[in-house]
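S.K.: data-v3.cif is the file, holding mmCIF, C-alpha atoms:
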data_coords
loop_
_atom_site.label_atom_id
_atom_site.label_comp_id
_atom_site.auth_asym_id
_atom_site.auth_seq_id
_atom_site.Cartn_x
_atom_site.Cartn_y
_atom_site.Cartn_z
CA MET A 1413 -249.88 -18.43 -19.65
CA ASN A 1414 -251.96 -20.73 -21.77
CA VAL A 1415 -251.48 -22.87 -24.76
CA ALA A 1416 -252.84 -20.34 -27.19
CA GLN A 1417 -250.23 -17.84 -26.02
CA ASN A 1418 -247.47 -20.44 -26.17
CA ILE A 1419 -248.34 -21.24 -29.71
CA ALA A 1420 -248.61 -17.60 -30.62
CA ASP A 1421 -245.09 -17.12 -29.24
CA THR A 1422 -243.54 -19.92 -31.22
CA ALA A 1423 -245.55 -20.24 -34.39
CA GLU A 1424 -245.75 -18.28 -37.59
CA PRO A 1425 -248.68 -15.87 -37.50
CA GLY A 1426 -251.80 -17.50 -38.93
CA SER A 1427 -250.20 -20.92 -38.89
CA SER A 1428 -253.23 -22.96 -39.81
CA GLU A 1429 -251.65 -26.35 -39.23
CA LEU A 1430 -250.96 -25.56 -35.58
CA ASP A 1431 -254.54 -24.31 -35.27
CA ARG A 1432 -255.69 -27.62 -36.69
CA LEU A 1433 -253.49 -29.53 -34.25
CA GLU A 1434 -254.82 -27.53 -31.36
CA ALA A 1435 -258.39 -28.23 -32.45
CA LEU A 1436 -257.58 -31.94 -32.71
CA LEU A 1437 -256.00 -32.02 -29.27
CA ASP A 1438 -259.01 -30.23 -27.88
CA GLN A 1439 -260.86 -33.51 -28.51
CA VAL A 1440 -258.59 -35.34 -26.06
CA THR A 1441 -260.34 -35.38 -22.72
CA ASP A 1442 -259.40 -36.27 -19.17
CA PRO A 1443 -260.27 -39.97 -18.91
CA GLU A 1444 -261.63 -39.48 -15.42
CA ILE A 1445 -263.56 -36.28 -16.17
CA PRO A 1446 -264.58 -36.81 -19.80
CA VAL A 1447 -266.36 -33.46 -20.17
CA ILE A 1448 -263.16 -31.43 -19.99
CA SER A 1449 -260.37 -31.45 -22.56
CA ILE A 1450 -256.68 -31.43 -21.78
CA ARG A 1451 -256.52 -27.88 -23.14
CA GLU A 1452 -259.32 -26.71 -20.87
CA LEU A 1453 -257.72 -28.49 -17.92
CA GLY A 1454 -254.50 -26.57 -18.57
CA ILE A 1455 -252.22 -29.59 -18.85
CA LEU A 1456 -251.62 -29.16 -22.60
CA ARG A 1457 -248.59 -26.89 -22.46
CA ASP A 1458 -247.20 -26.69 -25.99
CA ILE A 1459 -247.54 -27.95 -29.53
CA SER A 1460 -244.71 -27.68 -32.01
CA LEU A 1461 -244.16 -28.84 -35.53
CA ALA A 1462 -240.82 -29.57 -37.19
CA GLY A 1463 -241.21 -31.01 -40.67
CA ASP A 1464 -243.57 -33.95 -40.20
CA GLN A 1465 -242.82 -34.34 -36.53
CA VAL A 1466 -245.35 -33.11 -34.01
CA THR A 1467 -244.20 -32.57 -30.43
CA VAL A 1468 -246.90 -32.22 -27.82
CA THR A 1469 -245.90 -31.15 -24.31
CA VAL A 1470 -248.14 -31.98 -21.39
CA THR A 1471 -247.72 -31.67 -17.63
CA THR A 1472 -249.24 -33.72 -14.84
CA THR A 1473 -251.75 -32.38 -12.38
CA TYR A 1474 -250.54 -34.35 -9.36
CA SER A 1475 -247.23 -36.28 -9.30
CA GLY A 1476 -248.89 -39.66 -9.25
CA CYS A 1477 -251.87 -38.95 -11.50
CA PRO A 1478 -252.68 -42.39 -12.97
CA ALA A 1479 -254.50 -40.82 -15.94
CA MET A 1480 -251.29 -39.56 -17.55
CA SER A 1481 -250.40 -42.71 -19.48
CA THR A 1482 -253.93 -42.89 -20.89
CA ILE A 1483 -253.79 -39.22 -21.85
CA LYS A 1484 -250.50 -39.70 -23.68
CA ALA A 1485 -251.91 -42.72 -25.54
CA ASP A 1486 -255.05 -40.75 -26.43
CA ILE A 1487 -252.95 -37.89 -27.83
CA ARG A 1488 -251.02 -40.28 -30.06
CA GLN A 1489 -254.17 -42.03 -31.19
CA THR A 1490 -256.03 -38.83 -31.97
CA LEU A 1491 -253.18 -37.39 -34.01
CA SER A 1492 -252.48 -40.69 -35.72
CA ALA A 1493 -256.12 -40.94 -36.80
CA ALA A 1494 -255.74 -37.48 -38.37
CA GLY A 1495 -252.69 -38.60 -40.34
CA TYR A 1496 -249.85 -37.52 -38.05
CA GLU A 1497 -247.57 -40.53 -37.73
CA ASP A 1498 -244.53 -38.97 -36.12
CA VAL A 1499 -245.77 -37.79 -32.73
CA GLN A 1500 -243.68 -37.15 -29.64
CA VAL A 1501 -245.42 -36.59 -26.33
CA LYS A 1502 -243.18 -34.89 -23.83
CA GLN A 1503 -243.92 -34.42 -20.15
CA SER A 1504 -242.76 -31.18 -18.58
CA LEU A 1505 -242.14 -30.78 -14.86
CA SER A 1506 -241.71 -27.07 -14.64
CA PRO A 1507 -243.54 -24.80 -14.12
CA ALA A 1508 -245.75 -26.93 -11.89
CA TRP A 1509 -249.39 -27.16 -12.92
CA THR A 1510 -251.87 -24.95 -11.16
CA THR A 1511 -255.66 -24.96 -11.37
CA ASP A 1512 -255.32 -21.33 -12.46
CA TRP A 1513 -254.51 -22.70 -15.91
CA MET A 1514 -257.96 -24.18 -16.19
CA THR A 1515 -259.98 -22.19 -18.71
CA THR A 1516 -263.22 -20.38 -17.94
CA GLU A 1517 -265.23 -22.67 -20.24
CA GLY A 1518 -263.54 -25.68 -18.61
CA ARG A 1519 -264.70 -24.49 -15.19
CA GLU A 1520 -268.24 -24.05 -16.47
CA LYS A 1521 -268.24 -27.56 -17.96
CA LEU A 1522 -267.12 -28.99 -14.64
CA ARG A 1523 -269.93 -27.23 -12.83
CA GLU A 1524 -272.51 -28.51 -15.33
CA TYR A 1525 -271.08 -32.00 -14.87
CA GLY A 1526 -271.64 -31.75 -11.10
CA ILE A 1527 -268.09 -30.98 -9.97
CA ALA A 1528 -267.51 -27.69 -8.18
CA PRO A 1529 -264.68 -25.95 -10.10
CA PRO A 1530 -261.53 -24.69 -8.35
CA GLN A 1531 -261.47 -21.12 -7.20
CA LYS A 1532 -259.20 -18.83 -9.16
CA SER A 1533 -256.44 -17.13 -7.24
CA GLY A 1534 -255.36 -13.58 -7.84
CA GLU A 1535 -251.63 -13.90 -8.35
CA GLY A 1536 -251.32 -17.10 -10.32
CA HIS A 1537 -250.29 -18.96 -7.20
CA CYS A 1538 -253.12 -20.77 -5.58
CA ALA A 1539 -252.69 -22.24 -2.15
CA VAL A 1540 -254.59 -25.35 -1.22
CA ILE A 1541 -258.11 -24.70 -0.06
CA SER A 1542 -258.19 -23.26 3.39
CA PRO A 1543 -260.83 -24.19 5.92
CA GLY A 1544 -263.64 -21.72 5.74
CA THR A 1545 -263.34 -21.14 2.01
CA ALA A 1546 -266.86 -21.16 0.65
CA VAL A 1547 -267.36 -23.78 -2.05
CA ALA A 1548 -270.62 -23.38 -3.94
CA CYS A 1549 -272.75 -26.46 -4.57
CA PRO A 1550 -272.72 -27.23 -8.32
CA GLN A 1551 -276.35 -28.38 -8.09
CA CYS A 1552 -278.15 -25.58 -6.28
CA GLY A 1553 -275.48 -22.89 -6.01
CA SER A 1554 -275.68 -22.63 -2.22
CA GLU A 1555 -272.47 -21.82 -0.40
CA HIS A 1556 -273.81 -23.58 2.67
CA THR A 1557 -271.60 -26.65 2.17
CA GLU A 1558 -269.12 -28.70 4.19
CA CYS A 1559 -266.02 -30.74 3.43
CA VAL A 1560 -266.57 -34.44 4.11
CA SER A 1561 -263.10 -35.62 3.10
CA GLU A 1562 -259.95 -33.93 1.82
CA PHE A 1563 -259.78 -36.46 -0.99
CA GLY A 1564 -262.58 -37.54 -3.29
CA SER A 1565 -262.65 -40.03 -6.13
CA THR A 1566 -259.31 -38.76 -7.48
CA ALA A 1567 -256.31 -36.93 -5.98
CA CYS A 1568 -257.42 -33.65 -7.58
CA LYS A 1569 -260.82 -33.62 -5.88
CA ALA A 1570 -262.22 -33.32 -2.37
CA LEU A 1571 -265.57 -34.65 -1.21
CA TYR A 1572 -268.18 -32.11 -0.15
CA ARG A 1573 -271.79 -32.12 0.94
CA CYS A 1574 -274.34 -29.41 0.34
CA LEU A 1575 -276.25 -28.55 3.51
CA ALA A 1576 -278.98 -26.76 1.53
CA CYS A 1577 -279.98 -29.40 -1.05
CA ALA A 1578 -278.30 -32.33 0.76
CA GLU A 1579 -276.46 -33.52 -2.37
CA PRO A 1580 -272.89 -34.79 -2.04
CA PHE A 1581 -270.48 -33.45 -4.66
CA ASP A 1582 -266.83 -33.42 -5.71
CA TYR A 1583 -264.85 -30.20 -5.46
CA PHE A 1584 -261.91 -29.81 -7.83
CA LYS A 1585 -259.26 -28.58 -5.38
CA CYS A 1586 -257.45 -25.34 -5.93
CA LEU A 1587 -253.75 -26.13 -6.37
CA MET B 964 -224.80 -30.24 -14.38
CA ASN B 965 -222.16 -28.45 -12.37
CA PRO B 966 -218.82 -30.02 -13.38
CA ASN B 967 -217.59 -29.84 -9.80
CA VAL B 968 -220.33 -32.18 -8.67
CA ASN B 969 -219.53 -35.86 -8.34
CA LYS B 970 -222.04 -37.58 -10.62
CA GLN B 971 -222.25 -40.72 -8.51
CA TYR B 972 -223.03 -38.72 -5.38
CA LEU B 973 -225.84 -36.97 -7.23
CA VAL B 974 -227.26 -40.25 -8.55
CA ASN B 975 -227.14 -41.77 -5.05
CA TYR B 976 -228.84 -38.71 -3.60
CA VAL B 977 -231.65 -38.74 -6.14
CA ILE B 978 -232.20 -42.49 -5.74
CA ALA B 979 -232.38 -42.08 -1.96
CA LEU B 980 -235.11 -39.43 -2.37
CA GLY B 981 -236.95 -41.81 -4.68
CA ASP B 982 -236.56 -44.60 -2.12
CA ASP B 983 -238.10 -42.42 0.61
CA SER B 984 -241.08 -41.77 -1.65
CA LEU B 985 -241.51 -45.31 -2.92
CA THR B 986 -241.31 -47.10 0.41
CA LEU B 987 -243.74 -44.71 2.10
CA GLY B 988 -246.03 -44.70 -0.94
CA HIS B 989 -246.07 -48.48 -0.91
CA ARG B 990 -246.86 -48.57 2.79
CA LEU B 991 -249.76 -46.15 2.34
CA SER B 992 -251.08 -48.20 -0.56
CA GLU B 993 -251.45 -51.15 1.84
CA TRP B 994 -254.45 -49.30 3.25
CA SER B 995 -256.28 -49.52 -0.10
CA SER B 996 -259.51 -51.41 0.65
CA ASN B 997 -258.43 -51.81 4.31
CA ALA B 998 -258.90 -48.32 5.75
CA PRO B 999 -261.33 -47.67 8.63
CA PHE B 1000 -263.92 -46.14 6.28
CA LEU B 1001 -264.38 -45.36 2.61
CA GLU B 1002 -263.34 -41.70 2.56
CA GLU B 1003 -260.17 -42.53 4.44
CA ASP B 1004 -259.47 -45.39 2.08
CA LEU B 1005 -259.63 -42.97 -0.85
CA ALA B 1006 -257.52 -40.39 0.94
CA LEU B 1007 -254.72 -42.77 1.92
CA SER B 1008 -254.66 -44.26 -1.56
CA ASN B 1009 -254.44 -40.82 -3.14
CA VAL B 1010 -251.62 -39.75 -0.84
CA ALA B 1011 -249.88 -43.02 -1.75
CA LEU B 1012 -250.15 -42.09 -5.43
CA ASP B 1013 -248.49 -38.73 -4.82
CA PHE B 1014 -245.51 -40.46 -3.22
CA ILE B 1015 -245.25 -43.13 -5.90
CA GLY B 1016 -245.41 -40.41 -8.56
CA ARG B 1017 -242.48 -38.64 -6.91
CA ALA B 1018 -240.52 -41.88 -6.86
CA MET B 1019 -241.06 -42.19 -10.62
CA MET B 1020 -239.76 -38.67 -11.21
CA PHE B 1021 -236.69 -39.16 -9.00
CA TYR B 1022 -235.82 -42.58 -10.42
CA SER B 1023 -236.21 -41.51 -14.00
CA TYR B 1024 -233.96 -38.50 -13.38
CA ALA B 1025 -231.41 -40.72 -11.57
CA GLY B 1026 -231.43 -43.11 -14.53
CA GLU B 1027 -230.86 -40.28 -17.02
CA THR B 1028 -228.06 -38.76 -14.96
CA GLU B 1029 -226.37 -42.09 -14.39
CA ASP B 1030 -226.63 -42.85 -18.12
CA ALA B 1031 -225.98 -46.56 -17.64
CA GLY B 1032 -229.17 -47.88 -19.19
CA ARG B 1033 -231.25 -48.15 -16.02
CA GLY B 1034 -234.79 -46.79 -16.14
CA GLU B 1035 -237.18 -46.03 -13.31
CA ASP B 1036 -238.51 -49.60 -13.20
CA ASP B 1037 -235.04 -51.16 -13.01
CA ILE B 1038 -234.19 -48.91 -10.09
CA ALA B 1039 -237.43 -49.67 -8.26
CA TYR B 1040 -237.73 -53.39 -8.92
CA LEU B 1041 -234.25 -54.78 -9.27
CA ARG B 1042 -232.37 -53.62 -6.18
CA ASP B 1043 -232.14 -55.55 -2.94
CA CYS B 1044 -232.55 -54.22 0.61
CA ARG B 1045 -228.98 -53.16 1.14
CA GLU B 1046 -229.09 -51.06 -2.02
CA TYR B 1047 -232.17 -49.18 -0.84
CA ARG B 1048 -231.29 -45.88 0.79
CA ASN B 1049 -234.60 -44.70 2.24
CA LEU B 1050 -234.89 -43.21 5.70
CA LEU B 1051 -236.03 -45.98 8.04
CA ILE B 1052 -239.20 -44.19 9.13
CA CYS B 1053 -240.60 -44.64 5.61
CA GLU B 1054 -240.34 -48.44 5.62
CA LEU B 1055 -241.97 -49.12 9.00
CA PRO B 1056 -245.15 -51.20 8.83
CA ILE B 1057 -248.46 -49.37 8.72
CA GLY B 1058 -249.44 -50.69 12.15
CA ASP B 1059 -252.85 -49.44 13.21
CA PHE B 1060 -254.43 -46.20 11.99
CA ALA B 1061 -252.74 -44.23 14.80
CA ASP B 1062 -249.30 -45.59 13.80
CA THR B 1063 -249.95 -44.61 10.19
CA ILE B 1064 -251.09 -41.09 11.12
CA ALA B 1065 -248.25 -40.44 13.59
CA ARG B 1066 -245.60 -41.46 11.04
CA GLN B 1067 -247.37 -39.56 8.27
CA PHE B 1068 -247.59 -36.36 10.29
CA LEU B 1069 -243.89 -36.49 11.18
CA VAL B 1070 -242.89 -37.17 7.56
CA ASP B 1071 -245.28 -34.57 6.10
CA ASN B 1072 -243.89 -32.00 8.51
CA TYR B 1073 -240.39 -32.93 7.36
CA ASP B 1074 -241.36 -32.98 3.66
CA VAL B 1075 -242.81 -29.47 3.77
CA GLY B 1076 -239.51 -28.15 5.13
CA PHE B 1077 -237.44 -30.34 2.83
CA TYR B 1078 -239.23 -29.56 -0.45
CA THR B 1079 -239.42 -25.85 0.36
CA GLU B 1080 -235.61 -25.88 0.42
CA LEU B 1081 -235.19 -28.28 -2.51
CA MET B 1082 -237.14 -25.83 -4.68
CA LYS B 1083 -234.08 -23.57 -4.38
CA SER B 1084 -231.70 -26.31 -5.56
CA ALA B 1085 -229.11 -25.39 -8.17
CA ASP B 1086 -230.21 -28.58 -9.93
CA GLU B 1087 -233.14 -27.55 -12.13
CA THR B 1088 -234.80 -30.96 -12.28
CA LEU B 1089 -234.73 -31.41 -8.51
CA ALA B 1090 -236.10 -27.89 -8.09
CA ALA B 1091 -238.92 -28.68 -10.56
CA ILE B 1092 -239.85 -31.94 -8.82
CA ALA B 1093 -239.84 -30.08 -5.50
CA ALA B 1094 -242.11 -27.35 -6.86
CA LYS B 1095 -244.71 -30.01 -7.62
CA ALA B 1096 -244.19 -32.00 -4.44
CA ILE B 1097 -244.42 -29.03 -2.09
CA LYS B 1098 -248.02 -28.32 -3.09
CA GLU B 1099 -248.99 -31.90 -2.34
CA SER B 1100 -247.06 -32.05 0.91
CA ARG B 1101 -248.69 -28.91 2.27
CA TYR B 1102 -252.02 -30.56 1.67
CA HIS B 1103 -250.85 -33.87 3.16
CA LEU B 1104 -249.62 -32.07 6.26
CA ARG B 1105 -252.86 -30.26 6.79
CA ARG B 1106 -254.71 -33.54 6.69
CA SER B 1107 -252.37 -35.60 8.88
CA GLU B 1108 -252.16 -32.74 11.37
CA GLU B 1109 -255.96 -32.64 11.64
CA TRP B 1110 -255.99 -36.34 12.36
CA VAL B 1111 -253.32 -36.01 15.06
CA LYS B 1112 -255.49 -33.41 16.79
CA ARG B 1113 -258.68 -35.44 16.42
CA LEU B 1114 -257.11 -38.62 17.74
CA GLY B 1115 -255.08 -36.94 20.48
CA ASP B 1116 -257.91 -34.76 21.71
CA GLY B 1117 -260.53 -37.43 21.03
CA THR B 1118 -261.49 -40.35 23.25
CA GLY B 1119 -259.30 -41.89 25.94
CA GLU B 1120 -258.65 -44.81 23.62
CA SER B 1121 -257.66 -42.71 20.60
CA HIS B 1122 -255.49 -40.48 22.80
CA ASP B 1123 -253.59 -43.45 24.24
CA ARG B 1124 -253.09 -45.09 20.90
CA ILE B 1125 -251.78 -42.03 19.06
CA GLN B 1126 -249.51 -41.24 22.03
CA ARG B 1127 -248.14 -44.77 21.93
CA ALA B 1128 -247.69 -44.49 18.17
CA PHE B 1129 -245.61 -41.30 18.58
CA ASN B 1130 -243.55 -42.90 21.35
CA ASN B 1131 -242.81 -45.89 19.12
CA VAL B 1132 -241.77 -43.90 16.05
CA TRP B 1133 -239.95 -40.93 17.57
CA GLY B 1134 -236.52 -42.57 17.68
CA TYR B 1135 -236.60 -42.91 13.90
CA THR B 1136 -236.82 -39.16 13.36
CA HIS B 1137 -233.23 -38.32 14.24
CA GLU B 1138 -231.79 -39.60 11.00
CA LEU B 1139 -234.05 -37.26 9.04
CA PHE B 1140 -231.56 -34.55 9.98
CA GLU B 1141 -228.22 -36.31 9.55
CA VAL B 1142 -226.03 -36.25 6.45
CA ASP B 1143 -222.79 -37.96 5.44
CA LYS B 1144 -219.85 -36.29 3.73
CA ASN B 1145 -220.99 -37.13 0.20
CA GLU B 1146 -224.33 -35.48 0.80
CA GLN B 1147 -222.52 -32.59 2.48
CA SER B 1148 -220.57 -32.00 -0.73
CA LEU B 1149 -223.86 -31.71 -2.61
CA ILE B 1150 -225.14 -29.31 0.04
CA ASN B 1151 -222.01 -27.22 -0.44
CA ALA B 1152 -222.67 -27.17 -4.18
CA GLY B 1153 -226.19 -25.82 -3.57
CA ILE B 1154 -227.87 -28.99 -4.88
CA ALA B 1155 -228.88 -30.95 -1.80
CA VAL B 1156 -230.95 -29.68 1.10
CA ASP B 1157 -229.12 -28.89 4.31
CA ARG B 1158 -231.23 -31.29 6.36
CA PRO B 1159 -229.61 -30.63 9.76
CA ALA B 1160 -230.75 -27.01 9.36
CA LEU B 1161 -234.39 -28.14 9.08
CA LYS B 1162 -234.49 -29.71 12.51
CA ALA B 1163 -235.29 -26.73 14.70
CA ASP B 1164 -238.35 -25.70 12.68
CA TRP B 1165 -239.48 -29.30 12.39
CA GLU B 1166 -239.32 -29.82 16.15
CA ARG B 1167 -241.04 -26.55 16.90
CA TYR B 1168 -243.94 -27.34 14.59
CA ALA B 1169 -244.29 -30.95 15.75
CA GLN B 1170 -244.36 -29.83 19.37
CA SER B 1171 -246.99 -27.18 18.75
CA VAL B 1172 -249.30 -29.69 17.06
CA LEU B 1173 -248.73 -32.33 19.74
CA ASN B 1174 -249.45 -29.76 22.44
CA GLU B 1175 -252.68 -28.78 20.77
CA ALA B 1176 -253.56 -32.46 20.48
CA THR B 1177 -253.00 -32.81 24.27
CA LEU B 1178 -250.11 -35.20 23.57
CA ASP B 1179 -246.65 -35.34 25.11
CA THR B 1180 -243.65 -34.91 22.85
CA PRO B 1181 -241.83 -38.22 23.34
CA ASP B 1182 -238.58 -38.54 25.18
CA SER B 1183 -236.01 -38.64 22.41
CA GLN B 1184 -233.29 -40.53 24.27
CA TRP B 1185 -233.27 -43.48 21.90
CA SER B 1186 -232.55 -43.34 18.20
CA ILE B 1187 -232.17 -45.70 15.28
CA ARG B 1188 -230.35 -44.83 12.08
CA GLY B 1189 -228.81 -46.41 9.03
CA GLY B 1190 -231.28 -46.07 6.15
CA ARG B 1191 -229.03 -43.87 4.02
CA GLU B 1192 -226.21 -46.43 4.44
CA GLY B 1193 -228.46 -49.30 3.39
CA MET B 1194 -228.78 -50.70 6.94
CA HIS B 1195 -232.48 -51.39 7.28
CA THR B 1196 -235.02 -52.76 9.70
CA GLU B 1197 -236.27 -56.29 9.12
CA HIS B 1198 -239.44 -54.83 7.61
CA LEU B 1199 -237.98 -53.62 4.32
CA GLY B 1200 -237.33 -57.13 3.02
CA TYR B 1201 -241.01 -58.03 3.33
CA LEU B 1202 -242.03 -54.78 1.66
CA LEU B 1203 -239.69 -55.39 -1.29
CA ALA B 1204 -240.80 -59.01 -1.57
CA GLU B 1205 -244.31 -57.83 -2.29
CA LEU B 1206 -243.30 -54.78 -4.35
CA GLN B 1207 -240.82 -56.64 -6.55
CA PHE B 1208 -242.40 -60.08 -6.84
CA MET B 1209 -243.77 -59.73 -10.37
CA GLN B 1210 -240.55 -58.36 -11.90
CA ARG B 1211 -238.45 -60.95 -10.10
CA ALA B 1212 -240.68 -63.84 -11.11
CA TYR B 1213 -241.32 -62.60 -14.65
CA PRO B 1214 -238.37 -60.42 -15.65
CA GLY B 1215 -239.26 -57.63 -18.06
CA LEU B 1216 -243.01 -58.13 -17.64
CA GLU B 1217 -245.12 -55.19 -18.81
CA TRP B 1218 -248.82 -54.47 -18.94
#
Would you put the structure from the file into structure tokens?
M.R.:
Amino acid sequence: MNVAQNIADTAEPGSSELDRLEALLDQVTDPEIPVISIRELGILRDISLAGDQVTVTVTTTYSGCPAMSTIKADIRQTLSAAGYEDVQVKQSLSPAWTTDWMTTEGREKLREYGIAPPQKSGEGHCAVISPGTAVACPQCGSEHTECVSEFGSTACKALYRCLACAEPFDYFKCL
Amino acid sequence: MNPNVNKQYLVNYVIALGDDSLTLGHRLSEWSSNAPFLEEDLALSNVALDFIGRAMMFYSYAGETEDAGRGEDDIAYLRDCREYRNLLICELPIGDFADTIARQFLVDNYDVGFYTELMKSADETLAAIAAKAIKESRYHLRRSEEWVKRLGDGTGESHDRIQRAFNNVWGYTHELFEVDKNEQSLINAGIAVDRPALKADWERYAQSVLNEATLDTPDSQWSIRGGREGMHTEHLGYLLAELQFMQRAYPGLEW
């Protein structure tokens, strides 16, 4: 499930205003990983329009993610700058976010930024990384890497080290 | 909500779950900038955030259900010790790193069992919170379990200290598996987790990890209880004094 499908389910076909809203919201990025948008991260769950009121539904990555209040403020600010005054930002709990909702282009942007993207699971349910899972170095591509710490600079990342090129890097954990 | 469910019992239950999360999250946050090394500092702080995030979700749901004008901040900041309903193990001081890891492993082991069951709750919000929390708790458990093994099967010093930490905390684990009649009525309604039923698996898993860590499972002759009735250790007052200071001194303060 992704946002495009959600919108397709609820919106009139060819609804250009929702397309415009989606494009606007695609400018809202994760404040801690500014190369990836909330749509690419998979936390933008729904956009709906009733009269002049826009309702944006987002979900958190981890329960205590401290970026959420900034993200909500950024959504309001972005839409307000585009002329939408009546904006509701709702936070949904269920279904729980999974890194499987991260888009392919989002993963590629992470890698270019120096963060190893999460592995994609087969069945839409991704267990936490298991020891022995090969994580490729975002710098040199080697899978000869080791986990230094289960947590990196944020709750969603783990700290790794590449044994081939010796660079440390963050791995966006599979959840 | 199921009309046969006593609303006050549900509110109390949800607040108690929030209290477990907040007190333990606050304790873990005390390691921020004080942990043995940088990576561990980050890890403990991130685990703390997961618990504090859960507390926010539980309190905000309790406030909505109660419908008496209290929000998550009122519930967290404006109740005294006797109104807190957390399990005592969550409020114990952080002690040394071994004390923190021993407590964390025992709670993570409990949380994995607890949230796995809470995901099946007839209450949709509790089930949704649990579905998020279980992913985090599985990860927490893997980490705390690794530390138990490293410390237990490490040097003589680390072995003795983690063993002592388990001996000191074990008596607080009994109340994890005890419920009163109000909670029992929520269990009967399919909302609350049947905690007594979690005990056998919890013990089995704890023992297997302690064995692998070359540690003895402590003698469980002594036990301390009372958290769910608001009867706390002396430590909770100090925790709340720090946690609540700003709201008490400057009511309604926001930033």
S.K.: Using all atoms listed in the file, determine which residues of chain A fall within 6 Å of chain B; present them as a PyMOL selection string.
M.R.: chain A and resi 1475-1476+1505-1506+1508+1563+1567
S.K.: Return as an MDAnalysis selection string the set of residues that the PyMOL selection byres ((chain B and resi 1135-1138) around 6) yields on the displayed structure.
M.R.: chainID B and resid 1052 1132:1134 1139:1141 1186:1188
S.K.: Evaluate the PyMOL selection byres ((chain B and resi 1207) around 10) here and jot the selected residues down as a list in words.
M.R.: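 This file gives the following for the PyMOL selection byres ((chain B and resi 1207) around 10): Asp1036, Ala1039, Tyr1040, Leu1041, Arg1042, Asp1043, Tyr1201, Leu1202, Leu1203, Ala1204, Glu1205, Leu1206, Phe1208, Met1209, Gln1210, Arg1211 and Ala1212 of chain B.
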S.K.: Using the chain letters and numbers from this file, what does the PyMOL selection byres ((chain B and resi 1130) around 12) select? Give the answer as a ChimeraX atom specification.
M.R.: /B:1061-1062,1065-1066,1123-1129,1131-1136,1173,1178-1186
S.K.: Neighbouring residues of Val1499 of chain A were defined as those with any atom within 12 Å, considering all atoms listed in the file; residues of the same chain fewer than 6 positions away were excluded. Please report them as a ChimeraX atom specification.
M.R.: /A:1433,1459-1469,1484-1493
S.K.: One decimal, Å: what's the distance from atom CA of Glu1555 of chain A over to atom CA of Lys1112 of chain B, could you say?
M.R.: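 These atoms are spaced 26.8 Å apart.
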S.K.: For atom CA of Gly1454 of chain A and atom CA of Ser1107 of chain B, determine how far apart the two atoms are, in Å to one decimal place.
M.R.: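 Between atom CA of Gly1454 of chain A and atom CA of Ser1107 of chain B the gap works out to 29.0 Å.
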S.K.: Could you name the residues that touch Gly1026 of chain B at 12 Å or less, counting all atoms listed in the file, but leaving out those on the same chain fewer than 2 positions away, as a ChimeraX atom specification?
M.R.: /B:970-971,973-975,977-978,981,1018-1024,1028-1039
S.K.: So how many Å separate atom CA of Glu1166 of chain B and atom CA of Leu1587 of chain A, to one decimal?
M.R.: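 Separating atom CA of Glu1166 of chain B from atom CA of Leu1587 of chain A is a distance of 27.0 Å.
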S.K.: Near Cys1577 of chain A, within 12 Å and counting all atoms listed in the file, which residues show up once chain neighbours fewer than 5 positions away are dropped, as a PDB file with C-alpha atoms, in the coordinates of the input?
M.R.:
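Written file, part_0.pdb:
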ATOM      1  CA  ALA A1548    -270.620 -23.380  -3.940  1.00  0.00           C
ATOM      2  CA  CYS A1549    -272.750 -26.460  -4.570  1.00  0.00           C
ATOM      3  CA  PRO A1550    -272.720 -27.230  -8.320  1.00  0.00           C
ATOM      4  CA  GLN A1551    -276.350 -28.380  -8.090  1.00  0.00           C
ATOM      5  CA  CYS A1552    -278.150 -25.580  -6.280  1.00  0.00           C
ATOM      6  CA  GLY A1553    -275.480 -22.890  -6.010  1.00  0.00           C
ATOM      7  CA  SER A1554    -275.680 -22.630  -2.220  1.00  0.00           C
ATOM      8  CA  GLU A1555    -272.470 -21.820  -0.400  1.00  0.00           C
ATOM      9  CA  HIS A1556    -273.810 -23.580   2.670  1.00  0.00           C
ATOM     10  CA  THR A1557    -271.600 -26.650   2.170  1.00  0.00           C
TER      11      THR A1557
END
S.K.: Out of B:Thr1177, B:Glu1192, B:Asp1157, B:Arg990, which residue has the shortest atom-to-atom distance to Thr1079 of chain B when counting all atoms listed in the file?
M.R.: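 Closest candidate: B:Asp1157.
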S.K.: Just want the 7 Å neighbourhood of Asp982 of chain B, counted on only C-alpha atoms, with same-chain residues fewer than 3 positions away dropped. Output as an mmCIF file with C-alpha atoms, in the coordinates of the input.
M.R.:
data_model
loop_
_atom_site.group_PDB
_atom_site.id
_atom_site.type_symbol
_atom_site.label_atom_id
_atom_site.label_comp_id
_atom_site.auth_asym_id
_atom_site.auth_seq_id
_atom_site.Cartn_x
_atom_site.Cartn_y
_atom_site.Cartn_z
ATOM 1 C CA ILE B 978 -232.200 -42.490 -5.740
ATOM 2 C CA ALA B 979 -232.380 -42.080 -1.960
ATOM 3 C CA LEU B 985 -241.510 -45.310 -2.920
ATOM 4 C CA THR B 986 -241.310 -47.100 0.410
ATOM 5 C CA ALA B 1018 -240.520 -41.880 -6.860
ATOM 6 C CA TYR B 1047 -232.170 -49.180 -0.840
ATOM 7 C CA ARG B 1048 -231.290 -45.880 0.790
ATOM 8 C CA ASN B 1049 -234.600 -44.700 2.240
#
S.K.: Please return, as JSON, numbers by chain, all polymer residues that have at least one atom within 12 Å of the point (-255.1, -27.1, -11.2); use only C-alpha atoms and the file's own coordinate frame.
M.R.: {"A": [1450, 1452, 1453, 1454, 1455, 1471, 1472, 1473, 1474, 1508, 1509, 1510, 1511, 1512, 1513, 1514, 1515, 1518, 1519, 1529, 1530, 1531, 1532, 1533, 1536, 1537, 1538, 1539, 1540, 1541, 1567, 1568, 1569, 1583, 1584, 1585, 1586, 1587], "B": [1095, 1098, 1099]}
